[in-house]
Amino acid sequence: MQLLDTTAKVATPERVEFRYRIAGPAQRGVAWLIDLIVRFFVASAVFLVLGVIGAVPGLGGASMGLTFLFLFLLDWFYGVFFEAAFHGQTPGKYAMQLRVVRLDGSPARVPDVLLRNLMRAADFLPMFFGVGVVVMAFDSKLRRLGDLVGGTVVVAEERTRMLQEIRIEPPVSEEERQGLPAGVDLSAEELATLEAFLRRRDRLSAERVEELAWLFGPALTERTGIEAPTWERVLVLAYARATGKDAPREDLAAVERDFGLGDREAS
Amino acid sequence: MRVDRDAFVGSRRERWDRLDRLVREAASAEDWSRLASDYRAVCADLAEARAEGLPLDVQTYLDDLAGRAHNQLYGKRDGSARSIWYEIAAGFPRELRAQWRFFALASFLFYGPFFVGAIGALLDPTFAGIVLPEAQLTEMEEMYSDSIGRAFGGDASMAGFYVLNNVGIAFRCFATGALAGLGSVFFLIYNGLIIGTVFGYLGSVGLGGNLLEFVSGHSAWELTGVCVSGAAGLRMGWALVVTEGRTRAGSLKAAGPSLYRLVLGTAMLLVVAAAIEGFWSASPVPRVVKFVFGTVQWFIVGAWLFFGGRR
């Protein structure tokens, strides 16, 4: 099954290719706002300390100078420092589970993050990342100018959670089981589609569920001979039979125990 | 026979959970070696999950897990302070010579308007009033009317301000070069014209000596720094427009290493300029000494840019 094109493929030395999800402007915007707040508090704290130092006679000038210098560093090198020192993550990106990586997925290096952060001055124009957002809109990897020049891309690293195992609810009754064919032959893609359907149906209205099931149900009935009062049930039964989940509950419980899945709380 | 999801997940779950934990909190050497081997195992799991067509949620989960482990494992690399110093000392001048056309163009765009402004203001008393508001001219006049040593509190506060202001302008001059070079062109012409006009105006009211005394020490570093930042911006704008068969994104990326060195050079030139401007230029050192010092600076900058990084 082909994923949507908001992913970037990465080849590793382990000869396995994995995919990153590319971060969108909204996530990045929030990360930027968080960084703005962090910067505000850091600046406040440092100004407080420098202000106290500046009150000492003779140190006023040095305090002012350091204040300017600090403002400069905060303005231009906040991102450079964090992204270089913390694996491509500023505090805002960490909070949003975003990360700056190179195009090939390898970690961003100092030159990359320096360029992408200085380029923010251009991306920000004319205000609030106007240029950056337009450039992102035209780029398949949602890169702003800084990313293009730095050769970087911002990826979303959400820790996805394994979905709960699909339970056949209500369970396949004895009556239904007898009406099922000996085997249901489904392609991997068809199975994946059925799974996606079964996972989502709880969140949809009954009418919508039936509407969706109707898209596949008649074809399934024709192919397998499975019949049920609703198209939804046809899909459920076909899936259950194809995966062996139409067995009585007690058997399933035993399977779960054997594989240590029984005590796993669905996350 | 299709691999059963439950069996697949069940037999590997422990390892995945452990890797997930290690990615977040690996500390000891044992943790890291564990992380490395678990990562490789998970890569294999991912390959198998794909080959066997396991459900999408398993594949996505492994994708993310492997991705995070990969980033953690292949994390730190280069960027050591030493390599940055090498890039500034040798890489930057070498790069600037390789990109001399952009440097020449940037210098022309800066010094051209500079001389237009200076000569215009010297010859025509109304010229300066067209370029700059009267209030600012009066302010300039007052600033340079006293002998330098007293008019400026030459100290750390000014040095800090010059870093914030001047390096910031230079960085903007570079970054806006991405707009097909137009931003850099604007910054170069604008700053050249303003600075030139101030020179001409103060010269015309008889304060040229004070101004020259003040700027002589840091002029070499500052003016060169502005031109280098412009050259970097123009180089970037060029890469965007003339792609030489690459995509625009690819062309910009290819220019990256070159831009990195030029930007490092810009920062170095302007930070030194700020230090001199803050601590030396306004100090009560005799004027002659300042002129000699300033001349020496031009030779130092010139030698660095011309000989730096040559074998």
# chains A, B, ... in the order shown; residues from 1 in each chain; ligands from 1
>>> interface_residues(of="chain B", to="chain A", cutoff="8 Å", atoms="only C-alpha atoms", output="ChimeraX atom specification")
/B:6-7,10-11,40,43-44,46-47,53-58,60-61,63-68,71-72,74-79,155-161,163-164,168,171-172,175-176,178-179,249-250,252-257,259-260
>>> select_by_dssp(residues="stretch 2-164 of chain A", states="strand (DSSP E)", output="ChimeraX atom specification")
/A:7-11,17-22,98-102,152-156
>>> residues_around(residues="stretch 25-31 of chain A", least_positions_apart="4", cutoff="6 Å", atoms="only C-alpha atoms", output="list in words")
Gly92, Lys93 and Met96 of chain A
>>> residues_around(residues="A:Val133", least_positions_apart="2", cutoff="9 Å", atoms="only C-alpha atoms", output="ChimeraX atom specification")
/A:25,123-124,128-131,135-138,142-144
>>> write_last_selection(atoms="N, CA and C atoms", output="PDB file, in the first residue's frame")
ATOM      1  N   PRO A  25       3.357  22.930   7.823  1.00  0.00           N
ATOM      2  CA  PRO A  25       3.531  24.294   8.326  1.00  0.00           C
ATOM      3  C   PRO A  25       2.856  24.522   9.677  1.00  0.00           C
ATOM      4  N   ASP A 123      12.952  33.932   4.846  1.00  0.00           N
ATOM      5  CA  ASP A 123      11.681  33.202   4.909  1.00  0.00           C
ATOM      6  C   ASP A 123      10.620  33.993   5.655  1.00  0.00           C
ATOM      7  N   PHE A 124      11.066  34.791   6.605  1.00  0.00           N
ATOM      8  CA  PHE A 124      10.127  35.514   7.463  1.00  0.00           C
ATOM      9  C   PHE A 124       9.442  36.656   6.708  1.00  0.00           C
ATOM     10  N   PHE A 128       5.769  37.216   9.259  1.00  0.00           N
ATOM     11  CA  PHE A 128       5.340  35.881   9.680  1.00  0.00           C
ATOM     12  C   PHE A 128       5.503  34.806   8.607  1.00  0.00           C
ATOM     13  N   PHE A 129       6.703  34.701   8.096  1.00  0.00           N
ATOM     14  CA  PHE A 129       7.059  33.606   7.192  1.00  0.00           C
ATOM     15  C   PHE A 129       6.243  33.585   5.903  1.00  0.00           C
ATOM     16  N   GLY A 130       5.910  34.743   5.390  1.00  0.00           N
ATOM     17  CA  GLY A 130       5.181  34.815   4.122  1.00  0.00           C
ATOM     18  C   GLY A 130       5.924  34.093   3.019  1.00  0.00           C
ATOM     19  N   VAL A 131       7.179  34.455   2.815  1.00  0.00           N
ATOM     20  CA  VAL A 131       7.988  33.818   1.770  1.00  0.00           C
ATOM     21  C   VAL A 131       8.135  32.328   2.063  1.00  0.00           C
ATOM     22  N   VAL A 135       7.057  29.243  -0.398  1.00  0.00           N
ATOM     23  CA  VAL A 135       8.061  28.296  -0.896  1.00  0.00           C
ATOM     24  C   VAL A 135       7.687  26.866  -0.484  1.00  0.00           C
ATOM     25  N   MET A 136       7.238  26.702   0.754  1.00  0.00           N
ATOM     26  CA  MET A 136       6.830  25.377   1.229  1.00  0.00           C
ATOM     27  C   MET A 136       5.700  24.810   0.374  1.00  0.00           C
ATOM     28  N   ALA A 137       4.778  25.694  -0.006  1.00  0.00           N
ATOM     29  CA  ALA A 137       3.624  25.247  -0.781  1.00  0.00           C
ATOM     30  C   ALA A 137       4.044  24.671  -2.133  1.00  0.00           C
ATOM     31  N   PHE A 138       5.161  25.149  -2.646  1.00  0.00           N
ATOM     32  CA  PHE A 138       5.601  24.690  -3.961  1.00  0.00           C
ATOM     33  C   PHE A 138       6.574  23.521  -3.884  1.00  0.00           C
ATOM     34  N   LEU A 142       7.920  20.137   1.536  1.00  0.00           N
ATOM     35  CA  LEU A 142       7.519  21.218   2.436  1.00  0.00           C
ATOM     36  C   LEU A 142       8.718  21.931   3.055  1.00  0.00           C
ATOM     37  N   ARG A 143       9.680  22.245   2.216  1.00  0.00           N
ATOM     38  CA  ARG A 143      10.861  22.942   2.723  1.00  0.00           C
ATOM     39  C   ARG A 143      10.716  24.440   2.514  1.00  0.00           C
ATOM     40  N   ARG A 144      11.194  25.217   3.497  1.00  0.00           N
ATOM     41  CA  ARG A 144      11.263  26.659   3.288  1.00  0.00           C
ATOM     42  C   ARG A 144      12.628  26.960   2.679  1.00  0.00           C
TER      43      ARG A 144
END
>>> residues_around(residues="stretch 111-122 of chain B", least_positions_apart="5", cutoff="7 Å", atoms="only C-alpha atoms", output="PyMOL selection string")
chain B and resi 127-128+189+192-197+199-201+203-204
>>> write_last_selection(atoms="C-alpha atoms", output="mmCIF file, in the first residue's frame")
data_model
loop_
_atom_site.group_PDB
_atom_site.id
_atom_site.type_symbol
_atom_site.label_atom_id
_atom_site.label_comp_id
_atom_site.auth_asym_id
_atom_site.auth_seq_id
_atom_site.Cartn_x
_atom_site.Cartn_y
_atom_site.Cartn_z
ATOM 1 C CA PHE B 127 22.189 66.456 -2.174
ATOM 2 C CA ALA B 128 22.510 65.090 1.354
ATOM 3 C CA ILE B 189 23.171 49.998 -2.872
ATOM 4 C CA GLY B 192 26.609 52.311 0.080
ATOM 5 C CA LEU B 193 24.601 55.401 -0.782
ATOM 6 C CA ILE B 194 23.804 56.301 2.837
ATOM 7 C CA ILE B 195 27.334 55.828 4.126
ATOM 8 C CA GLY B 196 28.806 57.682 1.139
ATOM 9 C CA THR B 197 26.398 60.566 1.613
ATOM 10 C CA PHE B 199 30.967 60.984 4.360
ATOM 11 C CA GLY B 200 30.365 63.628 1.721
ATOM 12 C CA TYR B 201 28.132 65.714 3.938
ATOM 13 C CA GLY B 203 33.335 66.480 4.605
ATOM 14 C CA SER B 204 31.448 69.436 3.200
#
>>> closest_residue(among="A:Leu204, A:Val209, A:Asp35, A:Ser44", to="A:Phe82", atoms="only C-alpha atoms")
A:Asp35
>>> atom_distance(atom1="atom CA of B:Ala267", atom2="atom CA of A:Asp104")
28.8 Å
>>> select_by_dssp(residues="stretch 134-218 of chain A", states="helix (DSSP H, G or I)", output="VMD selection string")
chain A and resid 134 to 138 145 to 150 174 to 179 188 to 203 206 to 218
>>> atom_distance(atom1="atom CA of B:Arg261", atom2="atom CA of B:Phe92")
4.8 Å
>>> residues_around(residues="A:Ala228", least_positions_apart="4", cutoff="10 Å", atoms="only C-alpha atoms", output="ChimeraX atom specification")
/A:176,179,217,221,232-237
>>> residues_around(residues="B:Glu141", least_positions_apart="4", cutoff="7 Å", atoms="only C-alpha atoms", output="list in words")
Leu137, Ser145 and Leu202 of chain B
>>> atom_distance(atom1="atom CA of B:Gly308", atom2="atom CA of B:Phe187")
27.4 Å
>>> decode(residues="stretch 89-124 of chain A", atoms="N, CA and C atoms", output="PDB file, in the first residue's frame")
ATOM      1  N   GLN A  89      17.034  19.314  17.075  1.00  0.00           N
ATOM      2  CA  GLN A  89      15.812  19.719  17.758  1.00  0.00           C
ATOM      3  C   GLN A  89      16.007  20.949  18.633  1.00  0.00           C
ATOM      4  N   THR A  90      15.190  21.966  18.406  1.00  0.00           N
ATOM      5  CA  THR A  90      15.088  23.066  19.351  1.00  0.00           C
ATOM      6  C   THR A  90      14.069  22.623  20.405  1.00  0.00           C
ATOM      7  N   PRO A  91      13.966  23.349  21.518  1.00  0.00           N
ATOM      8  CA  PRO A  91      12.943  22.971  22.508  1.00  0.00           C
ATOM      9  C   PRO A  91      11.546  22.889  21.886  1.00  0.00           C
ATOM     10  N   GLY A  92      11.229  23.826  21.007  1.00  0.00           N
ATOM     11  CA  GLY A  92       9.915  23.794  20.357  1.00  0.00           C
ATOM     12  C   GLY A  92       9.741  22.558  19.494  1.00  0.00           C
ATOM     13  N   LYS A  93      10.777  22.213  18.759  1.00  0.00           N
ATOM     14  CA  LYS A  93      10.688  21.023  17.907  1.00  0.00           C
ATOM     15  C   LYS A  93      10.625  19.767  18.758  1.00  0.00           C
ATOM     16  N   TYR A  94      11.322  19.774  19.884  1.00  0.00           N
ATOM     17  CA  TYR A  94      11.280  18.627  20.777  1.00  0.00           C
ATOM     18  C   TYR A  94       9.858  18.433  21.293  1.00  0.00           C
ATOM     19  N   ALA A  95       9.248  19.558  21.686  1.00  0.00           N
ATOM     20  CA  ALA A  95       7.886  19.485  22.213  1.00  0.00           C
ATOM     21  C   ALA A  95       6.913  18.980  21.146  1.00  0.00           C
ATOM     22  N   MET A  96       7.158  19.387  19.901  1.00  0.00           N
ATOM     23  CA  MET A  96       6.252  18.986  18.819  1.00  0.00           C
ATOM     24  C   MET A  96       6.708  17.691  18.141  1.00  0.00           C
ATOM     25  N   GLN A  97       7.758  17.093  18.659  1.00  0.00           N
ATOM     26  CA  GLN A  97       8.319  15.867  18.084  1.00  0.00           C
ATOM     27  C   GLN A  97       8.702  16.055  16.623  1.00  0.00           C
ATOM     28  N   LEU A  98       9.346  17.183  16.359  1.00  0.00           N
ATOM     29  CA  LEU A  98       9.869  17.432  15.023  1.00  0.00           C
ATOM     30  C   LEU A  98      11.387  17.364  15.082  1.00  0.00           C
ATOM     31  N   ARG A  99      12.004  17.185  13.920  1.00  0.00           N
ATOM     32  CA  ARG A  99      13.449  17.116  13.899  1.00  0.00           C
ATOM     33  C   ARG A  99      13.954  17.573  12.540  1.00  0.00           C
ATOM     34  N   VAL A 100      15.060  18.303  12.577  1.00  0.00           N
ATOM     35  CA  VAL A 100      15.711  18.692  11.332  1.00  0.00           C
ATOM     36  C   VAL A 100      16.694  17.597  10.947  1.00  0.00           C
ATOM     37  N   VAL A 101      16.532  17.061   9.753  1.00  0.00           N
ATOM     38  CA  VAL A 101      17.506  16.083   9.257  1.00  0.00           C
ATOM     39  C   VAL A 101      17.938  16.503   7.860  1.00  0.00           C
ATOM     40  N   ARG A 102      19.027  15.919   7.406  1.00  0.00           N
ATOM     41  CA  ARG A 102      19.421  16.159   6.020  1.00  0.00           C
ATOM     42  C   ARG A 102      18.466  15.407   5.092  1.00  0.00           C
ATOM     43  N   LEU A 103      18.543  15.754   3.826  1.00  0.00           N
ATOM     44  CA  LEU A 103      17.620  15.165   2.862  1.00  0.00           C
ATOM     45  C   LEU A 103      17.686  13.646   2.854  1.00  0.00           C
ATOM     46  N   ASP A 104      18.858  13.093   3.073  1.00  0.00           N
ATOM     47  CA  ASP A 104      18.992  11.640   3.036  1.00  0.00           C
ATOM     48  C   ASP A 104      18.685  11.014   4.397  1.00  0.00           C
ATOM     49  N   GLY A 105      18.196  11.838   5.319  1.00  0.00           N
ATOM     50  CA  GLY A 105      17.820  11.297   6.612  1.00  0.00           C
ATOM     51  C   GLY A 105      18.933  11.307   7.643  1.00  0.00           C
ATOM     52  N   SER A 106      20.145  11.619   7.198  1.00  0.00           N
ATOM     53  CA  SER A 106      21.243  11.656   8.157  1.00  0.00           C
ATOM     54  C   SER A 106      21.135  12.929   8.995  1.00  0.00           C
ATOM     55  N   PRO A 107      21.776  12.942  10.146  1.00  0.00           N
ATOM     56  CA  PRO A 107      21.628  14.083  11.057  1.00  0.00           C
ATOM     57  C   PRO A 107      22.167  15.376  10.448  1.00  0.00           C
ATOM     58  N   ALA A 108      21.488  16.463  10.729  1.00  0.00           N
ATOM     59  CA  ALA A 108      21.923  17.761  10.237  1.00  0.00           C
ATOM     60  C   ALA A 108      23.243  18.152  10.906  1.00  0.00           C
ATOM     61  N   ARG A 109      24.139  18.757  10.126  1.00  0.00           N
ATOM     62  CA  ARG A 109      25.433  19.164  10.664  1.00  0.00           C
ATOM     63  C   ARG A 109      25.469  20.677  10.853  1.00  0.00           C
ATOM     64  N   VAL A 110      26.562  21.158  11.433  1.00  0.00           N
ATOM     65  CA  VAL A 110      26.661  22.593  11.736  1.00  0.00           C
ATOM     66  C   VAL A 110      26.435  23.469  10.495  1.00  0.00           C
ATOM     67  N   PRO A 111      27.110  23.199   9.383  1.00  0.00           N
ATOM     68  CA  PRO A 111      26.878  24.064   8.214  1.00  0.00           C
ATOM     69  C   PRO A 111      25.414  24.094   7.782  1.00  0.00           C
ATOM     70  N   ASP A 112      24.756  22.942   7.842  1.00  0.00           N
ATOM     71  CA  ASP A 112      23.355  22.864   7.418  1.00  0.00           C
ATOM     72  C   ASP A 112      22.469  23.731   8.301  1.00  0.00           C
ATOM     73  N   VAL A 113      22.645  23.577   9.611  1.00  0.00           N
ATOM     74  CA  VAL A 113      21.747  24.302  10.506  1.00  0.00           C
ATOM     75  C   VAL A 113      22.094  25.793  10.549  1.00  0.00           C
ATOM     76  N   LEU A 114      23.365  26.127  10.334  1.00  0.00           N
ATOM     77  CA  LEU A 114      23.721  27.561  10.287  1.00  0.00           C
ATOM     78  C   LEU A 114      22.997  28.229   9.122  1.00  0.00           C
ATOM     79  N   LEU A 115      23.104  27.627   7.957  1.00  0.00           N
ATOM     80  CA  LEU A 115      22.468  28.227   6.780  1.00  0.00           C
ATOM     81  C   LEU A 115      20.950  28.295   6.944  1.00  0.00           C
ATOM     82  N   ARG A 116      20.355  27.193   7.401  1.00  0.00           N
ATOM     83  CA  ARG A 116      18.889  27.201   7.450  1.00  0.00           C
ATOM     84  C   ARG A 116      18.363  28.206   8.466  1.00  0.00           C
ATOM     85  N   ASN A 117      19.150  28.458   9.504  1.00  0.00           N
ATOM     86  CA  ASN A 117      18.701  29.431  10.499  1.00  0.00           C
ATOM     87  C   ASN A 117      18.930  30.876  10.058  1.00  0.00           C
ATOM     88  N   LEU A 118      20.045  31.133   9.376  1.00  0.00           N
ATOM     89  CA  LEU A 118      20.246  32.496   8.875  1.00  0.00           C
ATOM     90  C   LEU A 118      19.204  32.835   7.819  1.00  0.00           C
ATOM     91  N   MET A 119      18.836  31.826   7.037  1.00  0.00           N
ATOM     92  CA  MET A 119      17.872  32.065   5.960  1.00  0.00           C
ATOM     93  C   MET A 119      16.484  32.406   6.471  1.00  0.00           C
ATOM     94  N   ARG A 120      16.286  32.228   7.766  1.00  0.00           N
ATOM     95  CA  ARG A 120      14.979  32.571   8.325  1.00  0.00           C
ATOM     96  C   ARG A 120      14.676  34.042   8.073  1.00  0.00           C
ATOM     97  N   ALA A 121      15.724  34.863   8.002  1.00  0.00           N
ATOM     98  CA  ALA A 121      15.524  36.289   7.741  1.00  0.00           C
ATOM     99  C   ALA A 121      14.802  36.503   6.412  1.00  0.00           C
ATOM    100  N   ALA A 122      15.069  35.637   5.435  1.00  0.00           N
ATOM    101  CA  ALA A 122      14.390  35.769   4.147  1.00  0.00           C
ATOM    102  C   ALA A 122      13.027  35.087   4.185  1.00  0.00           C
ATOM    103  N   ASP A 123      12.952  33.932   4.846  1.00  0.00           N
ATOM    104  CA  ASP A 123      11.681  33.202   4.909  1.00  0.00           C
ATOM    105  C   ASP A 123      10.620  33.993   5.655  1.00  0.00           C
ATOM    106  N   PHE A 124      11.066  34.791   6.605  1.00  0.00           N
ATOM    107  CA  PHE A 124      10.127  35.514   7.463  1.00  0.00           C
ATOM    108  C   PHE A 124       9.442  36.656   6.708  1.00  0.00           C
TER     109      PHE A 124
END
